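For reference, the structure discussed in these notes is given below.
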2 protein chains.
Amino acid sequence: MTTLRTPGPTIGVVGGGQLGRMLAEAAAPLGVEVIVLDPTPDCPAALVARDQIVADFDDEAGIRELAARADVLTFEIELADQEVLNRVSEDSGTPVHPDPATLETIHDKLVQKRELEDAGVPVPPFREVEDADDIRAAIDDYGAPVMLKARTGGYDGRGNVPVESKDEADDALESVAGPAMVESFVDFEREVSVIAVKGDDEIATFPIGENVHVDEILRETIVPARSSEAVEERAREVAADVLEVMEGRGVYGIELFEAADGDVLLNEIAPRPHNSGHWTIEGAQSSQFEQHVRAVLGWPLAATDLRSPTVMTNLLADVNEEREAELGDLDRILETPGATLHWYGKRQARPLRKMGHVTVTREDASREELLETARELEDAVSFRS
Amino acid sequence: MTTLRTPGPTIGVVGGGQLGRMLAEAAAPLGVEVIVLDPTPDCPAALVARDQIVADFDDEAGIRELAARADVLTFEIELADQEVLNRVSEDSGTPVHPDPATLETIHDKLVQKRELEDAGVPVPPFREVEDADDIRAAIDDYGAPVMLKARTGGYDGRGNVPVESKDEADDALESVAGPAMVESFVDFEREVSVIAVKGDDEIATFPIGENVHVDEILRETIVPARSSEAVEERAREVAADVLEVMEGRGVYGIELFEAADGDVLLNEIAPRPHNSGHWTIEGAQSSQFEQHVRAVLGWPLAATDLRSPTVMTNLLADVNEEREAELGDLDRILETPGATLHWYGKRQARPLRKMGHVTVTREDASREELLETARELEDAVSFRS
């Protein structure tokens with residue numbers, strides 16, 4: 001039986017970027033307090049959180065302090081160190097959700113793919129790469145191009161290199177500079193994702209979103225995705241299967257390829273709220289952030305139904321070099337019916353850095369109209385004054 | 001042209017209760033910072049706000065500090081002292097919205113009613129009360145019962161005394177103990193309210209809500225109200241007329257009587273976000289709190305359309321005496337599709353104190369179904385462990 005007092009339960013979050021900030025925004029109405037640990041003083045989440053511990057993500061003393069002040073620990077970045085988290089959790093008795101073992105699984109894309117394949121999750125053909133011959137063998141087997149991926153440390157497309165022919169194998173491997181894997185290149189119809197939640201003894205999945213990437217960075221999410229009902233159903237099924245492999249409660253962002261024939265293949269997993277789930281704040285009956293709060297506390301999960309067609313567009317810094325962040329001419333965003341601004345509170349703009357996002361949702365508009373509006377709004381604002 | 005940097009603009013709020021808390025929750029995604037002034041250490045808004053200045057609402061030194069740290073001042077309680085606010089604003093150059101003159105007008109119900117009547121706003125017949133004869137004269141003119149009201153300091157029905165006959169006039173006046181006015185008792189069909197926003201050079205009104213009071217304390221707001229379209233239109237018209245009288249930007253909660261013949265009469269005005277507007281957070285395209293943020297900053301206002309039928313129920317402390325707040329058995333609320341909990345973070349429960357609220361909204365449900373659900377949820381939780 002869930003009860004609530006003041007102060008309410010406290011969640012300690014490793015990482016205090018925009019995900020931590022939106023987590024704290026979702027926690028506040030529930031009476032749940034958030035403390036973040038982040039090396040950047042006055043990080044984005046600090047404004048909304050109860051407190052910030054200024055320390056590196058793997059700083060054991062900092063994480064011990066966080067554990068001592070929290071009822072449960074979680075993380076909003078994959079950079080969290082699973083060994084440190086495990087040790088601190090065991091010593092302090094403060095649980096960590098999701099389980100750090102999940103971080104370890106996901107951290108290494110090869111390990112991740114193997115475990116998922118073993119569990120029956122559909123993944124593109126892949127193999128371990130020890131030398132350039134493995135890449136050439138993959139091209140023989142899968143056909144060109146193939147996708148060479150750093151096994152660890154990739155993010156927003158960093159560490160992913162398409163290899164068009166066998167001649168490029170050596171250079172590609174050198175550019176990745178570390179343990180790698182190679183995957184068949186999926187000729188996808190569209191990229192979709194499912195935000196999935198693992199609760200105490202229940203799971204929930206949100207309606208699938210269609211993701212538009214440019215240069216491997218997410219630009220827009222469109223909901224409902226322009227997929228068939230069968231694909232929607234299959235994608236949510238796959239997401240549920242993925243959750244079987246994941247240990248510990250929380251929200252997972254599950255990126256999928258929808259192939260031309262309607263097949264659904266796993267692309268990547270993030271063991272945390274995900275950029276492609278930001279649309280849920282306005283677009284769904286509950287948000288991915290509220291669900292993460294509920295899940296890590298062991299509270300019942302909320303309904304995930306779509307409220308109305310929704311498009312989310314990222315506000316990426318359109319600057320050529322680092323400079324102080326200033327977003328010009330917000331009026332178009334502020335004046336557009338159904339548009340909601342989320343500003344992340346980052347002080348510095350860097351090229352293509354995620355500075356905020358805008359969600360557009362309306363009962364009386366189609367997703368195509370909303371997408372057009374979202375693109376107009378994204379075009380109208382600029383970080384170049 | 002609105003621009004946004006980090007840190008964003010800062011709003012200094014006199015008062016840090018639940019209204020300040022929800023204001024800070026709405027400000028965060030916009031990159032707007034909130035500092036509250038409140039005498040209670042760790043007041044409800046403190047969790048979400050950038051900072052709290054611990055000082056009495058009329059503490060001039062505290063308000064000077066607030067003004068020095070803010071770009072604009074506002075208030076979430078009528079107890080704010082208009083003279084102090086005016087003086088500090090003039091000295092510091094930090095504007096106050098709404099204008100403190102509005103506080104003064106509203107503070108005295110007689111002055112308020114006179115100004116509104118002069119401006120053509122429909123009000124029930126009323127008169128000043130200097131002695132009990134004035135009450136008896138009112139009964140002659142309007143018929144019994146009449147409503148005797150303290151001119152200042154009333155809140156949640158305190159200071160309002162129905163007078164059933166001339167015999168009761170002396171006792172009633174004594175019980176009010178201060179300057180009073182008397183009003184014709186409106187035999188209303190229902191009580192409705194309009195949340196109205198005065199922006200820089202525009203106004204906006206939300207769809208009207210139907211309010212259910214018990215013992216003069218708001219229990220539920222139902223949207224759409226069960227009124228005719230003509231009444232909805234008239235109520236929003238009256239609200240717009242009220243805004244003409246109010247000075248300075250911000251959100252106003254405008255409580256109205258809907259008479260049996262469809263006439264709309266003004267009941268009371270709050271120069272701030274209002275309990276009867278909490279439904280807007282989930283139920284409307286924007287919330288009253290976001291609108292107040294936008295208005296006081298002089299930003300464009302947002303769309304106010306209804307998103308789906310919505311019922312808000314207050315969680316009042318069902319305790320017989322003051323005790324530490326503990327809300328039992330939340331699970332029903334957490335598990336109900338479309339229900340959203342707002343917990344205000346008050347440490348002490350007192351009889352009928354507003355401790356939080358629950359909003360229920362769903363596309364696929366009628367307001368009657370939502371009202372039934374809301375009442376079940378309100379019944380299911382208790383502050384008596």
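Just so we're on the same page: first chain in the structure tokens is A, next is B, and so on; residues restart at 1 for each chain, and ligands are numbered from 1 in the order they show up.
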Do a neighbour search on range 236-246 of chain B at 10 Å with only C-alpha atoms, toss out local chain neighbours closer than 5 positions, and write the hits as a PDB file with C-alpha atoms, in the first residue's frame.
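Output file selection-v5.pdb follows:
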ATOM      1  CA  PRO B  98      -0.670  42.294 -11.213  1.00  0.00           C
ATOM      2  CA  ASP B  99      -0.483  45.917 -10.048  1.00  0.00           C
ATOM      3  CA  ALA B 101      -3.589  48.609  -6.765  1.00  0.00           C
ATOM      4  CA  THR B 102      -5.564  45.589  -7.918  1.00  0.00           C
ATOM      5  CA  LEU B 103      -4.813  43.844  -4.654  1.00  0.00           C
ATOM      6  CA  THR B 105      -9.343  46.902  -4.906  1.00  0.00           C
ATOM      7  CA  ILE B 106      -9.947  43.220  -4.405  1.00  0.00           C
ATOM      8  CA  GLN B 112     -14.356  45.670  -5.447  1.00  0.00           C
ATOM      9  CA  GLU B 115     -15.742  49.341  -9.092  1.00  0.00           C
ATOM     10  CA  LEU B 116     -17.019  46.324 -10.964  1.00  0.00           C
ATOM     11  CA  GLU B 117     -20.598  47.604 -10.958  1.00  0.00           C
ATOM     12  CA  ASP B 118     -19.392  50.957 -12.269  1.00  0.00           C
ATOM     13  CA  ALA B 119     -17.638  49.114 -15.089  1.00  0.00           C
ATOM     14  CA  GLY B 120     -20.841  47.341 -16.087  1.00  0.00           C
ATOM     15  CA  VAL B 121     -19.991  43.951 -14.611  1.00  0.00           C
ATOM     16  CA  PRO B 122     -23.174  42.217 -13.379  1.00  0.00           C
ATOM     17  CA  SER B 193     -15.562  30.157 -12.711  1.00  0.00           C
ATOM     18  CA  VAL B 194     -13.434  31.503 -15.475  1.00  0.00           C
ATOM     19  CA  ILE B 195      -9.651  31.593 -15.344  1.00  0.00           C
ATOM     20  CA  ALA B 196      -8.776  34.764 -17.217  1.00  0.00           C
ATOM     21  CA  VAL B 197      -5.370  36.039 -18.219  1.00  0.00           C
ATOM     22  CA  LYS B 198      -4.309  39.581 -18.853  1.00  0.00           C
ATOM     23  CA  ILE B 203      -6.304  38.659 -22.940  1.00  0.00           C
ATOM     24  CA  ALA B 204      -7.274  35.003 -22.817  1.00  0.00           C
ATOM     25  CA  THR B 205      -9.995  33.083 -21.018  1.00  0.00           C
ATOM     26  CA  PHE B 206     -10.154  29.351 -20.345  1.00  0.00           C
ATOM     27  CA  PRO B 207     -13.336  27.332 -20.832  1.00  0.00           C
ATOM     28  CA  ILE B 208     -15.582  27.742 -17.795  1.00  0.00           C
ATOM     29  CA  VAL B 231     -23.922  30.813 -20.405  1.00  0.00           C
ATOM     30  CA  VAL B 251      -3.999  35.307 -14.098  1.00  0.00           C
ATOM     31  CA  TYR B 252      -7.288  36.036 -12.340  1.00  0.00           C
ATOM     32  CA  GLY B 253      -9.689  33.459 -10.915  1.00  0.00           C
ATOM     33  CA  ILE B 254     -13.184  34.829 -11.485  1.00  0.00           C
ATOM     34  CA  GLU B 255     -15.977  33.091  -9.601  1.00  0.00           C
ATOM     35  CA  LEU B 256     -19.470  33.518 -10.939  1.00  0.00           C
ATOM     36  CA  VAL B 264     -24.344  35.343 -14.869  1.00  0.00           C
ATOM     37  CA  LEU B 265     -23.393  37.338 -11.770  1.00  0.00           C
ATOM     38  CA  LEU B 266     -19.986  38.019 -10.335  1.00  0.00           C
ATOM     39  CA  ILE B 269     -12.201  37.563  -7.833  1.00  0.00           C
ATOM     40  CA  PRO B 271      -5.875  38.201  -8.516  1.00  0.00           C
TER      41      PRO B 271
END
With the cut-off set at 7 Å and counting only C-alpha atoms, tabulate each residue of chain A with an atom at most that distance from an atom of chain B, showing the nearest atom pair and its distance in Å to one decimal, ordered by chain and increasing number, as CSV.
residue,atom,partner,partner_atom,distance
A:Met1,CA,B:Asp329,CA,5.4
A:Thr2,CA,B:Asp329,CA,5.3
A:Thr3,CA,B:Gly328,CA,4.6
A:Leu4,CA,B:Leu327,CA,5.1
A:Arg5,CA,B:Glu326,CA,4.6
A:Thr6,CA,B:Arg347,CA,5.2
A:Pro7,CA,B:Gly345,CA,6.7
A:Glu25,CA,B:Glu25,CA,6.5
A:Ala28,CA,B:Val48,CA,6.9
A:Pro29,CA,B:His342,CA,4.5
A:Leu30,CA,B:Trp343,CA,5.5
A:Gly31,CA,B:Trp343,CA,5.2
A:Leu47,CA,B:Arg50,CA,5.6
A:Val48,CA,B:Val48,CA,5.0
A:Ala49,CA,B:Val48,CA,6.6
A:Arg50,CA,B:Leu47,CA,5.6
A:Gln285,CA,B:Gly338,CA,6.0
A:Pro300,CA,B:Glu335,CA,6.0
A:Leu301,CA,B:Glu335,CA,6.8
A:Ala302,CA,B:Glu335,CA,6.1
A:Ala303,CA,B:Pro337,CA,5.0
A:Ala325,CA,B:Arg5,CA,5.9
A:Glu326,CA,B:Arg5,CA,4.6
A:Leu327,CA,B:Leu4,CA,5.1
A:Gly328,CA,B:Thr3,CA,4.6
A:Asp329,CA,B:Thr2,CA,5.3
A:Leu330,CA,B:Thr2,CA,5.3
A:Asp331,CA,B:Thr2,CA,5.8
A:Leu334,CA,B:Pro300,CA,6.1
A:Glu335,CA,B:Pro300,CA,6.0
A:Pro337,CA,B:Ala303,CA,5.0
A:Gly338,CA,B:Gln285,CA,5.9
A:Leu341,CA,B:Leu30,CA,6.0
A:His342,CA,B:Pro29,CA,4.5
A:Trp343,CA,B:Gly31,CA,5.2
A:Tyr344,CA,B:Gly31,CA,6.8
A:Gly345,CA,B:Thr6,CA,5.3
A:Lys346,CA,B:Thr6,CA,6.2
A:Arg347,CA,B:Thr6,CA,5.2
Just-selected residues, N, CA and C atoms written as a tab-separated table (two decimals), in the first residue's frame:
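Written file, again05.tsv:
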chain	number	residue	atom	x	y	z
A	1	MET	N	0.85	-1.18	0.00
A	1	MET	CA	0.00	0.00	0.00
A	1	MET	C	0.89	1.25	0.00
A	2	THR	N	0.76	2.05	-1.02
A	2	THR	CA	1.59	3.24	-1.15
A	2	THR	C	1.06	4.36	-0.26
A	3	THR	N	1.93	4.96	0.52
A	3	THR	CA	1.53	6.12	1.30
A	3	THR	C	2.48	7.26	0.96
A	4	LEU	N	2.10	8.47	1.34
A	4	LEU	CA	2.89	9.64	0.99
A	4	LEU	C	2.96	10.58	2.17
A	5	ARG	N	4.17	10.99	2.49
A	5	ARG	CA	4.38	11.96	3.55
A	5	ARG	C	5.16	13.13	2.97
A	6	THR	N	5.48	14.09	3.83
A	6	THR	CA	6.36	15.18	3.43
A	6	THR	C	7.54	15.21	4.39
A	7	PRO	N	8.78	15.15	3.96
A	7	PRO	CA	9.17	14.97	2.56
A	7	PRO	C	8.84	13.58	2.07
A	25	GLU	N	11.12	17.42	-12.81
A	25	GLU	CA	9.85	18.11	-13.09
A	25	GLU	C	8.67	17.16	-12.91
A	28	ALA	N	8.08	16.24	-8.95
A	28	ALA	CA	7.58	17.25	-8.02
A	28	ALA	C	6.09	17.13	-7.72
A	29	PRO	N	5.21	17.02	-8.73
A	29	PRO	CA	3.78	16.92	-8.41
A	29	PRO	C	3.44	15.68	-7.59
A	30	LEU	N	4.28	14.66	-7.68
A	30	LEU	CA	4.03	13.43	-6.92
A	30	LEU	C	4.58	13.52	-5.50
A	31	GLY	N	5.18	14.64	-5.17
A	31	GLY	CA	5.75	14.77	-3.83
A	31	GLY	C	7.05	14.02	-3.68
A	47	LEU	N	18.20	23.24	-11.18
A	47	LEU	CA	17.16	24.24	-10.94
A	47	LEU	C	15.93	23.62	-10.28
A	48	VAL	N	15.59	22.41	-10.67
A	48	VAL	CA	14.33	21.80	-10.24
A	48	VAL	C	14.53	20.81	-9.09
A	49	ALA	N	15.72	20.20	-9.03
A	49	ALA	CA	15.97	19.17	-8.02
A	49	ALA	C	16.08	19.79	-6.63
A	50	ARG	N	15.89	18.95	-5.63
A	50	ARG	CA	16.09	19.39	-4.25
A	50	ARG	C	17.52	19.85	-4.06
A	285	GLN	N	-1.02	9.90	-21.86
A	285	GLN	CA	-1.76	10.01	-20.60
A	285	GLN	C	-0.80	10.13	-19.40
A	300	PRO	N	2.76	1.68	-8.62
A	300	PRO	CA	2.06	1.21	-9.81
A	300	PRO	C	2.38	2.11	-11.02
A	301	LEU	N	2.40	1.51	-12.21
A	301	LEU	CA	2.63	2.29	-13.42
A	301	LEU	C	1.34	2.98	-13.85
A	302	ALA	N	1.50	3.97	-14.71
A	302	ALA	CA	0.34	4.76	-15.18
A	302	ALA	C	-0.07	4.32	-16.57
A	303	ALA	N	-1.23	4.81	-17.00
A	303	ALA	CA	-1.72	4.53	-18.35
A	303	ALA	C	-0.80	5.22	-19.37
A	325	ALA	N	24.82	30.33	-24.62
A	325	ALA	CA	23.53	29.97	-25.23
A	325	ALA	C	22.57	31.15	-25.20
A	326	GLU	N	22.04	31.48	-26.36
A	326	GLU	CA	20.94	32.45	-26.41
A	326	GLU	C	20.02	32.08	-27.56
A	327	LEU	N	18.79	31.72	-27.21
A	327	LEU	CA	17.82	31.30	-28.22
A	327	LEU	C	17.01	32.53	-28.61
A	328	GLY	N	17.09	32.88	-29.90
A	328	GLY	CA	16.43	34.10	-30.36
A	328	GLY	C	15.03	33.85	-30.88
A	329	ASP	N	14.21	34.87	-30.80
A	329	ASP	CA	12.87	34.87	-31.38
A	329	ASP	C	12.01	33.66	-31.04
A	330	LEU	N	11.73	33.55	-29.77
A	330	LEU	CA	10.86	32.50	-29.27
A	330	LEU	C	9.40	32.70	-29.60
A	331	ASP	N	9.06	33.92	-30.06
A	331	ASP	CA	7.64	34.28	-30.11
A	331	ASP	C	6.82	33.31	-30.96
A	334	LEU	N	6.04	30.44	-28.79
A	334	LEU	CA	5.13	30.79	-27.70
A	334	LEU	C	3.71	31.07	-28.20
A	335	GLU	N	3.61	31.54	-29.44
A	335	GLU	CA	2.30	31.95	-29.96
A	335	GLU	C	1.54	30.83	-30.67
A	337	PRO	N	-0.60	27.70	-31.15
A	337	PRO	CA	-1.49	26.87	-30.32
A	337	PRO	C	-1.01	25.42	-30.29
A	338	GLY	N	-0.91	24.88	-29.11
A	338	GLY	CA	-0.52	23.48	-28.98
A	338	GLY	C	0.98	23.25	-28.93
A	341	LEU	N	7.21	24.60	-25.11
A	341	LEU	CA	8.67	24.72	-25.09
A	341	LEU	C	9.25	24.03	-23.87
A	342	HIS	N	10.32	23.28	-24.09
A	342	HIS	CA	11.13	22.74	-22.99
A	342	HIS	C	12.56	23.22	-23.18
A	343	TRP	N	12.99	24.04	-22.29
A	343	TRP	CA	14.34	24.62	-22.35
A	343	TRP	C	15.17	23.91	-21.28
A	344	TYR	N	16.37	23.46	-21.66
A	344	TYR	CA	17.12	22.60	-20.75
A	344	TYR	C	18.03	23.36	-19.78
A	345	GLY	N	18.19	24.64	-20.01
A	345	GLY	CA	19.00	25.40	-19.06
A	345	GLY	C	20.49	25.12	-19.16
A	346	LYS	N	20.97	24.91	-20.39
A	346	LYS	CA	22.41	24.76	-20.57
A	346	LYS	C	23.01	26.13	-20.87
A	347	ARG	N	24.12	26.42	-20.24
A	347	ARG	CA	24.69	27.75	-20.40
A	347	ARG	C	25.43	27.92	-21.72
**Asked** DSSP on the backbone: what in range 107-144 of chain A comes out helix (DSSP H, G or I), as a ChimeraX atom specification?
**Response** /A:107,109-118,132-142
**Message:** Could you pull out the strand (DSSP E) residues of range 63-220 of chain B, going by DSSP on the backbone, and write them as a ChimeraX atom specification?
**Reply:** /B:72-75,126-129,146-150,160-163,180-184,188-198,203-205,209-214,217-220
Output N, CA and C atoms for every residue in that selection, as a CSV table (one decimal), in the first residue's frame.
chain,number,residue,atom,x,y,z
B,72,VAL,N,10.9,40.4,-12.2
B,72,VAL,CA,9.5,40.8,-12.0
B,72,VAL,C,9.0,40.2,-10.7
B,73,LEU,N,8.1,40.9,-10.0
B,73,LEU,CA,7.5,40.4,-8.7
B,73,LEU,C,6.1,40.0,-9.0
B,74,THR,N,5.6,39.0,-8.3
B,74,THR,CA,4.2,38.7,-8.3
B,74,THR,C,3.8,38.1,-7.0
B,75,PHE,N,2.6,37.7,-6.8
B,75,PHE,CA,2.2,37.2,-5.5
B,75,PHE,C,1.2,36.1,-5.7
B,126,PHE,N,-26.1,44.9,-3.7
B,126,PHE,CA,-25.3,44.9,-2.5
B,126,PHE,C,-25.4,46.3,-1.8
B,127,ARG,N,-25.0,46.4,-0.6
B,127,ARG,CA,-24.9,47.7,0.0
B,127,ARG,C,-23.9,47.6,1.2
B,128,GLU,N,-23.4,48.8,1.5
B,128,GLU,CA,-22.5,48.9,2.7
B,128,GLU,C,-23.3,48.7,4.0
B,129,VAL,N,-22.6,48.1,5.0
B,129,VAL,CA,-23.3,47.9,6.2
B,129,VAL,C,-22.5,48.7,7.3
B,146,VAL,N,-30.2,37.1,3.2
B,146,VAL,CA,-29.1,37.9,2.5
B,146,VAL,C,-27.8,37.4,3.0
B,147,MET,N,-26.7,37.8,2.3
B,147,MET,CA,-25.4,37.3,2.7
B,147,MET,C,-24.6,38.4,3.3
B,148,LEU,N,-24.3,38.3,4.6
B,148,LEU,CA,-23.4,39.3,5.2
B,148,LEU,C,-22.0,38.9,5.0
B,149,LYS,N,-21.1,39.8,4.5
B,149,LYS,CA,-19.7,39.5,4.3
B,149,LYS,C,-18.8,40.5,4.9
B,150,ALA,N,-17.8,40.0,5.6
B,150,ALA,CA,-16.7,40.8,6.0
B,150,ALA,C,-16.1,41.5,4.8
B,160,ASN,N,-18.2,35.0,5.7
B,160,ASN,CA,-19.5,35.0,5.0
B,160,ASN,C,-20.5,34.4,6.0
B,161,VAL,N,-21.6,35.2,6.2
B,161,VAL,CA,-22.6,34.7,7.1
B,161,VAL,C,-24.0,34.9,6.5
B,162,PRO,N,-24.7,33.9,6.3
B,162,PRO,CA,-26.1,34.0,5.7
B,162,PRO,C,-27.0,34.6,6.8
B,163,VAL,N,-27.8,35.5,6.5
B,163,VAL,CA,-28.8,36.1,7.5
B,163,VAL,C,-30.2,35.7,7.0
B,180,ALA,N,-18.3,45.6,7.1
B,180,ALA,CA,-19.0,44.6,6.4
B,180,ALA,C,-19.8,45.1,5.3
B,181,MET,N,-20.3,44.2,4.4
B,181,MET,CA,-21.3,44.6,3.4
B,181,MET,C,-22.3,43.5,3.3
B,182,VAL,N,-23.4,43.8,2.7
B,182,VAL,CA,-24.5,42.8,2.6
B,182,VAL,C,-24.9,42.7,1.1
B,183,GLU,N,-25.2,41.4,0.8
B,183,GLU,CA,-25.5,41.1,-0.6
B,183,GLU,C,-26.8,40.3,-0.7
B,184,SER,N,-27.5,40.5,-1.8
B,184,SER,CA,-28.6,39.7,-2.1
B,184,SER,C,-28.1,38.2,-2.2
B,188,PHE,N,-28.6,30.4,-7.0
B,188,PHE,CA,-27.9,30.0,-8.2
B,188,PHE,C,-28.2,28.6,-8.6
B,189,GLU,N,-28.1,28.4,-9.9
B,189,GLU,CA,-28.3,27.1,-10.5
B,189,GLU,C,-27.0,26.3,-10.3
B,190,ARG,N,-25.9,27.0,-10.6
B,190,ARG,CA,-24.6,26.4,-10.3
B,190,ARG,C,-23.5,27.5,-10.2
B,191,GLU,N,-22.4,27.1,-9.5
B,191,GLU,CA,-21.3,28.1,-9.4
B,191,GLU,C,-20.3,27.7,-10.5
B,192,VAL,N,-19.9,28.7,-11.3
B,192,VAL,CA,-18.9,28.5,-12.3
B,192,VAL,C,-17.8,29.4,-12.1
B,193,SER,N,-16.6,29.2,-12.8
B,193,SER,CA,-15.6,30.2,-12.7
B,193,SER,C,-14.8,30.2,-14.0
B,194,VAL,N,-14.2,31.3,-14.3
B,194,VAL,CA,-13.4,31.5,-15.5
B,194,VAL,C,-12.0,31.9,-15.0
B,195,ILE,N,-11.0,31.2,-15.5
B,195,ILE,CA,-9.7,31.6,-15.3
B,195,ILE,C,-9.3,32.5,-16.5
B,196,ALA,N,-9.0,33.8,-16.2
B,196,ALA,CA,-8.8,34.8,-17.2
B,196,ALA,C,-7.4,35.3,-17.1
B,197,VAL,N,-6.8,35.6,-18.2
B,197,VAL,CA,-5.4,36.0,-18.2
B,197,VAL,C,-5.3,37.4,-18.9
B,198,LYS,N,-4.6,38.3,-18.2
B,198,LYS,CA,-4.3,39.6,-18.9
B,198,LYS,C,-2.8,39.6,-19.3
B,203,ILE,N,-5.8,39.4,-24.1
B,203,ILE,CA,-6.3,38.7,-22.9
B,203,ILE,C,-6.7,37.3,-23.4
B,204,ALA,N,-6.8,36.4,-22.5
B,204,ALA,CA,-7.3,35.0,-22.8
B,204,ALA,C,-8.2,34.5,-21.7
B,205,THR,N,-9.2,33.7,-22.0
B,205,THR,CA,-10.0,33.1,-21.0
B,205,THR,C,-10.1,31.6,-21.3
B,209,GLY,N,-15.4,26.4,-15.8
B,209,GLY,CA,-15.4,25.3,-15.0
B,209,GLY,C,-16.6,25.4,-14.0
B,210,GLU,N,-17.2,24.2,-13.7
B,210,GLU,CA,-18.3,24.2,-12.8
B,210,GLU,C,-17.7,23.8,-11.4
B,211,ASN,N,-18.0,24.5,-10.4
B,211,ASN,CA,-17.4,24.3,-9.1
B,211,ASN,C,-18.4,23.7,-8.1
B,212,VAL,N,-18.0,22.7,-7.4
B,212,VAL,CA,-18.9,22.1,-6.3
B,212,VAL,C,-18.2,22.5,-5.0
B,213,HIS,N,-18.9,23.3,-4.2
B,213,HIS,CA,-18.5,23.7,-2.9
B,213,HIS,C,-19.2,22.9,-1.8
B,214,VAL,N,-18.5,22.6,-0.8
B,214,VAL,CA,-19.2,22.0,0.4
B,214,VAL,C,-18.7,22.8,1.6
B,217,ILE,N,-16.1,25.4,0.8
B,217,ILE,CA,-14.7,25.1,0.4
B,217,ILE,C,-14.9,24.3,-0.9
B,218,LEU,N,-14.0,24.7,-1.9
B,218,LEU,CA,-14.1,24.0,-3.2
B,218,LEU,C,-13.8,22.5,-3.1
B,219,ARG,N,-14.6,21.7,-3.6
B,219,ARG,CA,-14.3,20.2,-3.6
B,219,ARG,C,-14.0,19.8,-5.0
B,220,GLU,N,-14.8,20.2,-6.0
B,220,GLU,CA,-14.5,19.6,-7.3
B,220,GLU,C,-14.8,20.7,-8.4
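The space between CA of Arg234 in chain B and CA of Val123 in chain B spans 13.6 Å.
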**Message:** I'd like the interatomic distance between CA of Leu371 in chain A and CA of Glu202 in chain B, to a tenth of an Å.
**Reply:**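 Distance reported for this atom pair: 27.7 Å.
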**Message:** Set the distance at 12 Å and use only C-alpha atoms: which residues neighbour Asp140 in chain A once local chain neighbours fewer than 4 positions away are removed? I'd like the list as a list of chain:residue names.
**Reply:**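 Contacts, in chain order: A:Asp133, A:Asp134, A:Ile135, A:Arg136, A:Ala144, A:Pro145, A:Val146, A:Glu164, A:Ser165, A:Lys166, A:Ser184.
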**Asked** Using only C-alpha atoms, which residues sit within 7 Å of range 78-89 of chain B once same-chain residues fewer than 4 positions away are excluded, as a list of chain:residue names?
**Response** B:Val14, B:Phe57, B:Asp58, B:Glu60, B:Arg64, B:Gly93, B:Thr94, B:Pro95, B:Val96, B:Pro100, B:Ala101, B:Leu103, B:Glu104
**Prompt:** In terms of the shortest atom-to-atom distance over only C-alpha atoms, which of A:Val358, A:Ala137, A:Ile281, A:Leu297 is closest to Gly199 in chain A?
**Reply:**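 Of A:Val358, A:Ala137, A:Ile281, A:Leu297, the one nearest Gly199 in chain A, counting only C-alpha atoms, is A:Leu297.
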